[in-house]
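Content type mmCIF, N, CA and C atoms, from the file entry-v6.cif:
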```cif
data_input
#
loop_
_atom_site.label_atom_id
_atom_site.label_comp_id
_atom_site.auth_asym_id
_atom_site.auth_seq_id
_atom_site.Cartn_x
_atom_site.Cartn_y
_atom_site.Cartn_z
N MET V 1232 117.93 115.53 130.20
CA MET V 1232 119.22 115.02 129.75
C MET V 1232 118.99 113.72 128.96
N LEU V 1233 119.69 113.59 127.88
CA LEU V 1233 119.54 112.41 127.04
C LEU V 1233 120.38 111.25 127.58
N ARG V 1234 119.76 110.08 127.58
CA ARG V 1234 120.50 108.87 127.92
C ARG V 1234 121.36 108.51 126.71
N PRO V 1235 122.43 107.72 126.93
CA PRO V 1235 123.29 107.36 125.78
C PRO V 1235 122.53 106.72 124.63
N HIS V 1236 121.58 105.83 124.92
CA HIS V 1236 120.89 105.18 123.79
C HIS V 1236 119.89 106.12 123.12
N ASP V 1237 119.42 107.15 123.84
CA ASP V 1237 118.58 108.16 123.19
C ASP V 1237 119.43 108.96 122.20
N ARG V 1238 120.63 109.32 122.62
CA ARG V 1238 121.55 110.06 121.73
C ARG V 1238 121.91 109.19 120.52
N LEU V 1239 122.17 107.89 120.75
CA LEU V 1239 122.47 106.97 119.66
C LEU V 1239 121.30 106.91 118.68
N ALA V 1240 120.08 106.86 119.19
CA ALA V 1240 118.90 106.84 118.33
C ALA V 1240 118.83 108.10 117.47
N LEU V 1241 119.12 109.25 118.06
CA LEU V 1241 119.07 110.50 117.32
C LEU V 1241 120.17 110.58 116.26
N VAL V 1242 121.37 110.14 116.61
CA VAL V 1242 122.48 110.13 115.64
C VAL V 1242 122.13 109.21 114.47
N CYS V 1243 121.66 108.01 114.77
CA CYS V 1243 121.32 107.05 113.70
C CYS V 1243 120.13 107.53 112.89
N SER V 1244 119.23 108.27 113.51
CA SER V 1244 118.13 108.86 112.76
C SER V 1244 118.66 109.77 111.66
N GLY V 1245 119.59 110.62 112.02
CA GLY V 1245 120.19 111.50 111.02
C GLY V 1245 120.97 110.75 109.95
N LEU V 1246 121.72 109.74 110.38
CA LEU V 1246 122.50 108.95 109.42
C LEU V 1246 121.59 108.17 108.48
N PHE V 1247 120.51 107.59 109.02
CA PHE V 1247 119.59 106.83 108.17
C PHE V 1247 118.83 107.76 107.22
N GLY V 1248 118.50 108.96 107.70
CA GLY V 1248 117.86 109.93 106.81
C GLY V 1248 118.77 110.31 105.65
N ALA V 1249 120.05 110.54 105.97
CA ALA V 1249 121.01 110.87 104.92
C ALA V 1249 121.21 109.68 103.97
N ALA V 1250 121.31 108.47 104.52
CA ALA V 1250 121.48 107.28 103.68
C ALA V 1250 120.26 107.06 102.80
N GLY V 1251 119.09 107.30 103.35
CA GLY V 1251 117.87 107.16 102.57
C GLY V 1251 117.83 108.14 101.41
N THR V 1252 118.25 109.38 101.68
CA THR V 1252 118.30 110.39 100.62
C THR V 1252 119.30 110.00 99.54
N GLY V 1253 120.48 109.57 99.97
CA GLY V 1253 121.49 109.14 99.00
C GLY V 1253 121.03 107.94 98.19
N GLY V 1254 120.42 106.98 98.87
CA GLY V 1254 119.92 105.80 98.17
C GLY V 1254 118.82 106.12 97.18
N ALA V 1255 117.94 107.04 97.56
CA ALA V 1255 116.87 107.44 96.64
C ALA V 1255 117.45 108.16 95.43
N ALA V 1256 118.45 109.00 95.64
CA ALA V 1256 119.10 109.70 94.52
C ALA V 1256 119.78 108.69 93.60
N TYR V 1257 120.44 107.70 94.19
CA TYR V 1257 121.09 106.67 93.38
C TYR V 1257 120.05 105.90 92.57
N ALA V 1258 118.93 105.57 93.21
CA ALA V 1258 117.88 104.83 92.51
C ALA V 1258 117.32 105.64 91.35
N ALA V 1259 117.23 106.96 91.52
CA ALA V 1259 116.68 107.80 90.48
C ALA V 1259 117.69 108.10 89.37
N HIS V 1260 118.96 108.20 89.72
CA HIS V 1260 119.95 108.68 88.75
C HIS V 1260 121.10 107.72 88.47
N GLY V 1261 121.26 106.71 89.32
CA GLY V 1261 122.42 105.83 89.20
C GLY V 1261 122.19 104.68 88.27
N GLY V 1262 123.19 103.85 88.18
CA GLY V 1262 123.09 102.66 87.36
C GLY V 1262 122.76 101.47 88.23
N GLY V 1263 122.98 100.31 87.71
CA GLY V 1263 122.75 99.10 88.49
C GLY V 1263 121.28 98.83 88.71
N ASP V 1264 120.99 98.07 89.72
CA ASP V 1264 119.62 97.68 90.04
C ASP V 1264 118.97 98.75 90.90
N ALA V 1265 118.24 99.65 90.27
CA ALA V 1265 117.61 100.76 90.98
C ALA V 1265 116.58 100.27 92.00
N SER V 1266 115.98 99.10 91.78
CA SER V 1266 114.98 98.62 92.72
C SER V 1266 115.62 98.26 94.07
N LEU V 1267 116.85 97.70 94.05
CA LEU V 1267 117.54 97.41 95.30
C LEU V 1267 117.86 98.69 96.05
N ALA V 1268 118.32 99.70 95.32
CA ALA V 1268 118.64 100.98 95.95
C ALA V 1268 117.39 101.62 96.53
N ALA V 1269 116.29 101.54 95.81
CA ALA V 1269 115.04 102.14 96.29
C ALA V 1269 114.54 101.44 97.55
N ILE V 1270 114.65 100.13 97.60
CA ILE V 1270 114.21 99.39 98.78
C ILE V 1270 115.11 99.71 99.97
N ALA V 1271 116.41 99.72 99.76
CA ALA V 1271 117.35 100.05 100.84
C ALA V 1271 117.08 101.47 101.35
N ALA V 1272 116.85 102.40 100.44
CA ALA V 1272 116.56 103.78 100.83
C ALA V 1272 115.25 103.87 101.60
N ALA V 1273 114.23 103.16 101.14
CA ALA V 1273 112.94 103.19 101.81
C ALA V 1273 113.03 102.67 103.24
N ILE V 1274 113.75 101.59 103.44
CA ILE V 1274 113.90 101.03 104.79
C ILE V 1274 114.61 102.05 105.69
N ALA V 1275 115.67 102.69 105.19
CA ALA V 1275 116.38 103.70 105.98
C ALA V 1275 115.46 104.89 106.27
N PHE V 1276 114.72 105.35 105.26
CA PHE V 1276 113.82 106.49 105.43
C PHE V 1276 112.73 106.22 106.46
N VAL V 1277 112.13 105.06 106.41
CA VAL V 1277 111.03 104.72 107.31
C VAL V 1277 111.48 104.68 108.76
N HIS V 1278 112.70 104.19 108.97
CA HIS V 1278 113.16 104.01 110.34
C HIS V 1278 113.86 105.24 110.92
N ALA V 1279 114.25 106.20 110.08
CA ALA V 1279 114.87 107.42 110.59
C ALA V 1279 113.92 108.19 111.52
N PRO V 1280 112.68 108.48 111.11
CA PRO V 1280 111.80 109.20 112.04
C PRO V 1280 111.38 108.36 113.25
N ALA V 1281 111.34 107.05 113.08
CA ALA V 1281 111.02 106.19 114.22
C ALA V 1281 112.10 106.31 115.28
N LEU V 1282 113.36 106.29 114.86
CA LEU V 1282 114.46 106.45 115.81
C LEU V 1282 114.47 107.85 116.41
N LEU V 1283 114.11 108.84 115.62
CA LEU V 1283 114.00 110.20 116.13
C LEU V 1283 112.97 110.26 117.25
N ALA V 1284 111.81 109.66 117.02
CA ALA V 1284 110.76 109.65 118.04
C ALA V 1284 111.19 108.88 119.29
N LEU V 1285 111.83 107.74 119.10
CA LEU V 1285 112.29 106.96 120.25
C LEU V 1285 113.35 107.72 121.04
N GLY V 1286 114.24 108.39 120.34
CA GLY V 1286 115.27 109.17 121.02
C GLY V 1286 114.70 110.33 121.80
N LEU V 1287 113.66 110.95 121.25
CA LEU V 1287 113.04 112.09 121.94
C LEU V 1287 112.07 111.66 123.03
N ALA V 1288 111.61 110.42 122.98
CA ALA V 1288 110.69 109.93 124.02
C ALA V 1288 111.39 109.84 125.36
N GLY V 1289 112.70 109.61 125.32
CA GLY V 1289 113.47 109.56 126.56
C GLY V 1289 112.92 108.55 127.54
N GLU V 1290 112.87 108.95 128.77
CA GLU V 1290 112.46 108.05 129.85
C GLU V 1290 110.95 107.78 129.86
N ARG V 1291 110.19 108.48 129.03
CA ARG V 1291 108.75 108.23 128.98
C ARG V 1291 108.43 106.85 128.44
N LEU V 1292 109.34 106.27 127.68
CA LEU V 1292 109.13 104.92 127.14
C LEU V 1292 110.12 103.98 127.83
N ARG V 1293 109.63 103.28 128.80
CA ARG V 1293 110.45 102.34 129.56
C ARG V 1293 110.98 101.25 128.63
N GLY V 1294 112.26 100.93 128.77
CA GLY V 1294 112.84 99.83 128.01
C GLY V 1294 113.13 100.13 126.56
N SER V 1295 113.25 101.40 126.20
CA SER V 1295 113.41 101.75 124.78
C SER V 1295 114.76 101.33 124.20
N LEU V 1296 115.71 100.96 125.04
CA LEU V 1296 117.00 100.50 124.53
C LEU V 1296 116.84 99.33 123.56
N LEU V 1297 115.96 98.39 123.89
CA LEU V 1297 115.77 97.20 123.05
C LEU V 1297 115.30 97.56 121.63
N PRO V 1298 114.22 98.32 121.47
CA PRO V 1298 113.83 98.65 120.09
C PRO V 1298 114.80 99.60 119.40
N VAL V 1299 115.45 100.48 120.14
CA VAL V 1299 116.44 101.37 119.51
C VAL V 1299 117.55 100.54 118.88
N LEU V 1300 118.13 99.65 119.67
CA LEU V 1300 119.21 98.81 119.13
C LEU V 1300 118.71 97.90 118.02
N GLY V 1301 117.51 97.35 118.19
CA GLY V 1301 116.95 96.46 117.18
C GLY V 1301 116.71 97.17 115.85
N LEU V 1302 116.16 98.39 115.91
CA LEU V 1302 115.93 99.13 114.67
C LEU V 1302 117.25 99.47 113.99
N ILE V 1303 118.25 99.84 114.76
CA ILE V 1303 119.55 100.17 114.18
C ILE V 1303 120.17 98.94 113.53
N VAL V 1304 120.22 97.85 114.26
CA VAL V 1304 120.81 96.62 113.72
C VAL V 1304 120.02 96.13 112.51
N GLY V 1305 118.70 96.17 112.61
CA GLY V 1305 117.86 95.71 111.51
C GLY V 1305 118.07 96.51 110.23
N VAL V 1306 118.13 97.83 110.35
CA VAL V 1306 118.34 98.67 109.16
C VAL V 1306 119.74 98.42 108.58
N VAL V 1307 120.74 98.35 109.45
CA VAL V 1307 122.10 98.11 108.97
C VAL V 1307 122.18 96.77 108.22
N LEU V 1308 121.56 95.74 108.77
CA LEU V 1308 121.60 94.43 108.11
C LEU V 1308 120.80 94.44 106.81
N PHE V 1309 119.57 94.93 106.87
CA PHE V 1309 118.68 94.88 105.70
C PHE V 1309 119.20 95.80 104.59
N SER V 1310 119.29 97.09 104.89
CA SER V 1310 119.72 98.04 103.87
C SER V 1310 121.20 97.84 103.51
N GLY V 1311 121.99 97.49 104.52
CA GLY V 1311 123.41 97.26 104.27
C GLY V 1311 123.65 96.11 103.31
N ASP V 1312 122.86 95.05 103.46
CA ASP V 1312 123.00 93.91 102.55
C ASP V 1312 122.64 94.31 101.12
N LEU V 1313 121.55 95.07 100.96
CA LEU V 1313 121.17 95.51 99.61
C LEU V 1313 122.21 96.46 99.03
N ALA V 1314 122.72 97.38 99.85
CA ALA V 1314 123.75 98.31 99.38
C ALA V 1314 125.03 97.57 99.00
N MET V 1315 125.38 96.57 99.79
CA MET V 1315 126.58 95.78 99.49
C MET V 1315 126.42 95.06 98.16
N ARG V 1316 125.24 94.52 97.92
CA ARG V 1316 124.99 93.85 96.64
C ARG V 1316 125.14 94.82 95.47
N LEU V 1317 124.64 96.05 95.66
CA LEU V 1317 124.77 97.06 94.60
C LEU V 1317 126.23 97.44 94.37
N ALA V 1318 126.96 97.62 95.45
CA ALA V 1318 128.34 98.11 95.35
C ALA V 1318 129.32 97.05 94.88
N THR V 1319 129.15 95.82 95.36
CA THR V 1319 130.17 94.79 95.09
C THR V 1319 129.63 93.55 94.39
N GLY V 1320 128.32 93.40 94.36
CA GLY V 1320 127.74 92.17 93.82
C GLY V 1320 127.71 91.04 94.83
N GLU V 1321 128.24 91.28 96.01
CA GLU V 1321 128.29 90.26 97.07
C GLU V 1321 127.32 90.64 98.19
N ARG V 1322 126.95 89.64 98.97
CA ARG V 1322 126.09 89.87 100.12
C ARG V 1322 126.93 90.27 101.33
N LEU V 1323 126.31 90.94 102.27
CA LEU V 1323 126.97 91.25 103.54
C LEU V 1323 127.37 89.94 104.20
N PHE V 1324 126.43 89.03 104.33
CA PHE V 1324 126.63 87.64 104.72
C PHE V 1324 125.34 86.91 104.39
N ALA V 1325 125.37 85.60 104.36
CA ALA V 1325 124.18 84.82 104.01
C ALA V 1325 123.04 85.16 104.96
N MET V 1326 121.89 85.45 104.43
CA MET V 1326 120.66 85.73 105.20
C MET V 1326 120.71 87.06 105.95
N ALA V 1327 121.58 87.99 105.56
CA ALA V 1327 121.67 89.29 106.26
C ALA V 1327 120.37 90.07 106.13
N ALA V 1328 119.84 90.22 104.92
CA ALA V 1328 118.62 91.00 104.73
C ALA V 1328 117.43 90.36 105.44
N PRO V 1329 117.19 89.07 105.30
CA PRO V 1329 116.06 88.48 106.03
C PRO V 1329 116.23 88.57 107.56
N THR V 1330 117.46 88.43 108.03
CA THR V 1330 117.71 88.57 109.46
C THR V 1330 117.40 89.99 109.90
N GLY V 1331 117.87 90.97 109.12
CA GLY V 1331 117.58 92.37 109.44
C GLY V 1331 116.09 92.65 109.43
N GLY V 1332 115.39 92.12 108.46
CA GLY V 1332 113.93 92.31 108.40
C GLY V 1332 113.23 91.70 109.60
N SER V 1333 113.67 90.53 110.01
CA SER V 1333 113.08 89.89 111.20
C SER V 1333 113.36 90.70 112.46
N VAL V 1334 114.56 91.24 112.57
CA VAL V 1334 114.91 92.08 113.73
C VAL V 1334 114.06 93.35 113.72
N LEU V 1335 113.81 93.92 112.55
CA LEU V 1335 112.96 95.10 112.46
C LEU V 1335 111.54 94.79 112.93
N ILE V 1336 111.00 93.68 112.47
CA ILE V 1336 109.63 93.30 112.88
C ILE V 1336 109.56 93.13 114.39
N LEU V 1337 110.52 92.42 114.96
CA LEU V 1337 110.53 92.20 116.41
C LEU V 1337 110.71 93.52 117.17
N SER V 1338 111.49 94.43 116.62
CA SER V 1338 111.69 95.73 117.27
C SER V 1338 110.41 96.56 117.26
N TRP V 1339 109.68 96.53 116.16
CA TRP V 1339 108.40 97.24 116.11
C TRP V 1339 107.42 96.63 117.10
N LEU V 1340 107.42 95.32 117.22
CA LEU V 1340 106.55 94.67 118.21
C LEU V 1340 106.96 95.07 119.62
N ALA V 1341 108.26 95.22 119.86
CA ALA V 1341 108.74 95.67 121.17
C ALA V 1341 108.25 97.08 121.47
N VAL V 1342 108.25 97.95 120.48
CA VAL V 1342 107.71 99.30 120.68
C VAL V 1342 106.24 99.22 121.10
N ALA V 1343 105.49 98.37 120.44
CA ALA V 1343 104.06 98.23 120.78
C ALA V 1343 103.87 97.73 122.21
N VAL V 1344 104.64 96.74 122.60
CA VAL V 1344 104.53 96.20 123.96
C VAL V 1344 104.96 97.24 124.98
N LEU V 1345 106.08 97.91 124.74
CA LEU V 1345 106.58 98.91 125.68
C LEU V 1345 105.61 100.08 125.83
N ALA V 1346 104.90 100.40 124.77
CA ALA V 1346 103.93 101.49 124.85
C ALA V 1346 102.78 101.16 125.79
N LEU V 1347 102.53 99.88 126.02
CA LEU V 1347 101.47 99.47 126.93
C LEU V 1347 101.90 99.51 128.40
N LEU V 1348 103.20 99.56 128.65
CA LEU V 1348 103.70 99.60 130.02
C LEU V 1348 103.52 101.00 130.59
N PRO V 1349 103.31 101.09 131.90
CA PRO V 1349 103.19 102.42 132.50
C PRO V 1349 104.51 103.17 132.41
N ALA V 1350 104.42 104.48 132.29
CA ALA V 1350 105.62 105.32 132.25
C ALA V 1350 106.33 105.26 133.58
N ARG V 1351 107.61 105.50 133.56
CA ARG V 1351 108.37 105.53 134.81
C ARG V 1351 107.93 106.72 135.65
N ALA V 1352 107.88 106.49 136.95
CA ALA V 1352 107.56 107.59 137.85
C ALA V 1352 108.74 108.54 137.89
N ARG V 1353 108.45 109.82 137.88
CA ARG V 1353 109.52 110.83 137.94
C ARG V 1353 110.01 110.95 139.37
N THR V 1354 111.30 111.01 139.50
CA THR V 1354 111.89 111.24 140.81
C THR V 1354 112.69 112.52 140.75
N ASN V 1355 112.46 113.37 141.71
CA ASN V 1355 113.19 114.66 141.73
C ASN V 1355 114.13 114.71 142.86
#
```

Translate this file's structure into structure tokens.
Amino acid sequence: MLRPHDRLALVCSGLFGAAGTGGAAYAAHGGGDASLAAIAAAIAFVHAPALLALGLAGERLRGSLLPVLGLIVGVVLFSGDLAMRLATGERLFAMAAPTGGSVLILSWLAVAVLALLPARARTN
């Protein structure tokens, strides 16, 4: 059975994959600053399979809620800020992209640390 944050990771994996595809198409065919669209798409694409893996890891990865939420927030801030700049010319908020990038880095480090912890014992 999936825990709520595992399901959230899987849902966001699909959404980020779709956003990455849309962003890449915009970068290839759209107007505006294609480099911003390509970067936003790449960040979404890279983190979609990571969230898929975290969601499927389930209880085998103790404490996965922290990196799941961090990766989601980080992608939304980083890619969202770039997408907002493309769409409106305005930022999501001051320092949104750098904050998102920092959250992503910390979330990846959390995955590394959590992978070193022993798996939860199964109880039947």

When you look at region 1346-1349 of chain V with a cut-off of 7 Å (counting all atoms listed in the file), what residues show up, excluding the ones that are within fewer than 5 positions of it in the same chain? I need them as a PyMOL selection string.
chain V and resi 1291-1293+1341

Exercise for the section: Identify the residues within 12 Å of coordinate (118.8, 110.5, 99.1) (same frame as the file), considering only C-alpha atoms, and give the answer as number ranges by chain. Expected result: V: 1246-1261, 1268-1269, 1271-1273, 1275-1276

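Take the PyMOL selection byres (((chain V and resi 1232-1236 and name CA) around 9) and name CA) and apply it to this file: it picks Asp1237, Arg1238, Leu1239, Ala1240, Leu1241, Gly1286, Leu1287, Gly1289, Glu1290, Ser1295, Leu1296, Val1299 and Leu1300 of chain V.
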
For the PyMOL selection byres ((chain V and resi 1309) around 7), applied here, can you spell out every residue it catches as a compact mmCIF listing (two decimals) with N, CA and C atoms, in the coordinates of the input?
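Result written to part_18.txt:
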```txt
# COMPACT_ATOMS: atom_id res chain seq x y z
N ALA V 1271 116.41 99.72 99.76
CA ALA V 1271 117.35 100.05 100.84
C ALA V 1271 117.08 101.47 101.35
N VAL V 1304 120.22 97.85 114.26
CA VAL V 1304 120.81 96.62 113.72
C VAL V 1304 120.02 96.13 112.51
N GLY V 1305 118.70 96.17 112.61
CA GLY V 1305 117.86 95.71 111.51
C GLY V 1305 118.07 96.51 110.23
N VAL V 1306 118.13 97.83 110.35
CA VAL V 1306 118.34 98.67 109.16
C VAL V 1306 119.74 98.42 108.58
N VAL V 1307 120.74 98.35 109.45
CA VAL V 1307 122.10 98.11 108.97
C VAL V 1307 122.18 96.77 108.22
N LEU V 1308 121.56 95.74 108.77
CA LEU V 1308 121.60 94.43 108.11
C LEU V 1308 120.80 94.44 106.81
N SER V 1310 119.29 97.09 104.89
CA SER V 1310 119.72 98.04 103.87
C SER V 1310 121.20 97.84 103.51
N GLY V 1311 121.99 97.49 104.52
CA GLY V 1311 123.41 97.26 104.27
C GLY V 1311 123.65 96.11 103.31
N ASP V 1312 122.86 95.05 103.46
CA ASP V 1312 123.00 93.91 102.55
C ASP V 1312 122.64 94.31 101.12
N LEU V 1313 121.55 95.07 100.96
CA LEU V 1313 121.17 95.51 99.61
C LEU V 1313 122.21 96.46 99.03
N ALA V 1314 122.72 97.38 99.85
CA ALA V 1314 123.75 98.31 99.38
C ALA V 1314 125.03 97.57 99.00
N ALA V 1327 121.58 87.99 105.56
CA ALA V 1327 121.67 89.29 106.26
C ALA V 1327 120.37 90.07 106.13
N ALA V 1328 119.84 90.22 104.92
CA ALA V 1328 118.62 91.00 104.73
C ALA V 1328 117.43 90.36 105.44
N PRO V 1329 117.19 89.07 105.30
CA PRO V 1329 116.06 88.48 106.03
C PRO V 1329 116.23 88.57 107.56
N THR V 1330 117.46 88.43 108.03
CA THR V 1330 117.71 88.57 109.46
C THR V 1330 117.40 89.99 109.90
N GLY V 1331 117.87 90.97 109.12
CA GLY V 1331 117.58 92.37 109.44
C GLY V 1331 116.09 92.65 109.43
N GLY V 1332 115.39 92.12 108.46
CA GLY V 1332 113.93 92.31 108.40
C GLY V 1332 113.23 91.70 109.60
```

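Between atom C of Pro1298 (chain V) and CA of Arg1322 (chain V) there is a distance of 24.4 Å.
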
Atom C of Leu1340 (chain V) to CA of Ser1266 (chain V) measures 28.3 Å

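Of note, CA of Ser1333 (chain V) and CA of Gly1263 (chain V) are spaced 26.3 Å apart.
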
List every residue of chain V that DSSP, applied to the backbone of this structure, places in helix (DSSP H, G or I), and write the result as a PyMOL selection string. chain V and resi 1235-1260+1265-1291+1296-1319+1327-1347

Edge lengths and centre, in Å to one decimal, as lines of an AutoDock Vina configuration file: that's what I need for the box along x, y and z that holds all listed atoms of region 1319-1326 of chain V plus 3 Å on each side.
```
center_x = 125.4
center_y = 90.3
center_z = 99.9
size_x = 15.5
size_y = 17.0
size_z = 18.1
```

Across V:Met1326, V:Leu1337, V:Leu1302, V:Ala1265, the smallest distance to His1278 (chain V), with only N, CA and C atoms counted, is shown by V:Leu1302

Restricting to only C-alpha atoms, whichever of V:Val1242, V:Ile1270, V:Met1315, V:Leu1335 is closest to Leu1282 (chain V) is V:Val1242

How would region 1284-1293 of chain V look with all heavy atoms restored, written as a PDB file, keeping the file's coordinate frame?
```pdb
ATOM      1  N   ALA V1284     111.810 109.660 117.020  1.00  0.00           N
ATOM      2  CA  ALA V1284     110.760 109.650 118.040  1.00  0.00           C
ATOM      3  C   ALA V1284     111.190 108.880 119.290  1.00  0.00           C
ATOM      4  O   ALA V1284     110.954 109.323 120.417  1.00  0.00           O
ATOM      5  CB  ALA V1284     109.483 109.045 117.463  1.00  0.00           C
ATOM      6  N   LEU V1285     111.830 107.740 119.100  1.00  0.00           N
ATOM      7  CA  LEU V1285     112.290 106.960 120.250  1.00  0.00           C
ATOM      8  C   LEU V1285     113.350 107.720 121.040  1.00  0.00           C
ATOM      9  O   LEU V1285     113.337 107.706 122.278  1.00  0.00           O
ATOM     10  CB  LEU V1285     112.849 105.609 119.800  1.00  0.00           C
ATOM     11  CG  LEU V1285     111.823 104.563 119.399  1.00  0.00           C
ATOM     12  CD1 LEU V1285     112.505 103.365 118.762  1.00  0.00           C
ATOM     13  CD2 LEU V1285     110.989 104.133 120.595  1.00  0.00           C
ATOM     14  N   GLY V1286     114.240 108.390 120.340  1.00  0.00           N
ATOM     15  CA  GLY V1286     115.270 109.170 121.020  1.00  0.00           C
ATOM     16  C   GLY V1286     114.700 110.330 121.800  1.00  0.00           C
ATOM     17  O   GLY V1286     115.166 110.660 122.884  1.00  0.00           O
ATOM     18  N   LEU V1287     113.660 110.950 121.250  1.00  0.00           N
ATOM     19  CA  LEU V1287     113.040 112.090 121.940  1.00  0.00           C
ATOM     20  C   LEU V1287     112.070 111.660 123.030  1.00  0.00           C
ATOM     21  O   LEU V1287     111.768 112.446 123.921  1.00  0.00           O
ATOM     22  CB  LEU V1287     112.325 112.978 120.919  1.00  0.00           C
ATOM     23  CG  LEU V1287     113.247 113.674 119.911  1.00  0.00           C
ATOM     24  CD1 LEU V1287     112.434 114.436 118.881  1.00  0.00           C
ATOM     25  CD2 LEU V1287     114.234 114.577 120.617  1.00  0.00           C
ATOM     26  N   ALA V1288     111.610 110.420 122.980  1.00  0.00           N
ATOM     27  CA  ALA V1288     110.690 109.930 124.020  1.00  0.00           C
ATOM     28  C   ALA V1288     111.390 109.840 125.360  1.00  0.00           C
ATOM     29  O   ALA V1288     110.761 109.986 126.412  1.00  0.00           O
ATOM     30  CB  ALA V1288     110.130 108.566 123.618  1.00  0.00           C
ATOM     31  N   GLY V1289     112.700 109.610 125.320  1.00  0.00           N
ATOM     32  CA  GLY V1289     113.470 109.560 126.560  1.00  0.00           C
ATOM     33  C   GLY V1289     112.920 108.550 127.540  1.00  0.00           C
ATOM     34  O   GLY V1289     112.527 107.454 127.184  1.00  0.00           O
ATOM     35  N   GLU V1290     112.870 108.950 128.770  1.00  0.00           N
ATOM     36  CA  GLU V1290     112.460 108.050 129.850  1.00  0.00           C
ATOM     37  C   GLU V1290     110.950 107.780 129.860  1.00  0.00           C
ATOM     38  O   GLU V1290     110.485 106.954 130.632  1.00  0.00           O
ATOM     39  CB  GLU V1290     112.915 108.604 131.184  1.00  0.00           C
ATOM     40  CG  GLU V1290     114.420 108.597 131.308  1.00  0.00           C
ATOM     41  CD  GLU V1290     114.895 109.081 132.665  1.00  0.00           C
ATOM     42  OE1 GLU V1290     114.080 109.169 133.602  1.00  0.00           O
ATOM     43  OE2 GLU V1290     116.090 109.366 132.784  1.00  0.00           O
ATOM     44  N   ARG V1291     110.190 108.480 129.030  1.00  0.00           N
ATOM     45  CA  ARG V1291     108.750 108.230 128.980  1.00  0.00           C
ATOM     46  C   ARG V1291     108.430 106.850 128.440  1.00  0.00           C
ATOM     47  O   ARG V1291     107.355 106.322 128.695  1.00  0.00           O
ATOM     48  CB  ARG V1291     108.058 109.299 128.145  1.00  0.00           C
ATOM     49  CG  ARG V1291     108.045 110.653 128.824  1.00  0.00           C
ATOM     50  CD  ARG V1291     107.435 111.667 127.914  1.00  0.00           C
ATOM     51  NE  ARG V1291     108.324 111.838 126.769  1.00  0.00           N
ATOM     52  CZ  ARG V1291     108.795 112.998 126.369  1.00  0.00           C
ATOM     53  NH1 ARG V1291     108.446 114.083 126.974  1.00  0.00           N
ATOM     54  NH2 ARG V1291     109.604 113.076 125.340  1.00  0.00           N
ATOM     55  N   LEU V1292     109.340 106.270 127.680  1.00  0.00           N
ATOM     56  CA  LEU V1292     109.130 104.920 127.140  1.00  0.00           C
ATOM     57  C   LEU V1292     110.120 103.980 127.830  1.00  0.00           C
ATOM     58  O   LEU V1292     111.297 103.931 127.484  1.00  0.00           O
ATOM     59  CB  LEU V1292     109.330 104.887 125.629  1.00  0.00           C
ATOM     60  CG  LEU V1292     109.019 103.559 124.954  1.00  0.00           C
ATOM     61  CD1 LEU V1292     107.543 103.201 125.133  1.00  0.00           C
ATOM     62  CD2 LEU V1292     109.354 103.628 123.477  1.00  0.00           C
ATOM     63  N   ARG V1293     109.630 103.280 128.800  1.00  0.00           N
ATOM     64  CA  ARG V1293     110.450 102.340 129.560  1.00  0.00           C
ATOM     65  C   ARG V1293     110.980 101.250 128.630  1.00  0.00           C
ATOM     66  O   ARG V1293     110.256 100.722 127.806  1.00  0.00           O
ATOM     67  CB  ARG V1293     109.580 101.713 130.644  1.00  0.00           C
ATOM     68  CG  ARG V1293     110.301 100.742 131.513  1.00  0.00           C
ATOM     69  CD  ARG V1293     109.389 100.199 132.553  1.00  0.00           C
ATOM     70  NE  ARG V1293     109.007 101.288 133.440  1.00  0.00           N
ATOM     71  CZ  ARG V1293     108.380 101.110 134.595  1.00  0.00           C
ATOM     72  NH1 ARG V1293     108.049  99.906 134.973  1.00  0.00           N
ATOM     73  NH2 ARG V1293     108.077 102.123 135.344  1.00  0.00           N
TER      74      ARG V1293
END
```
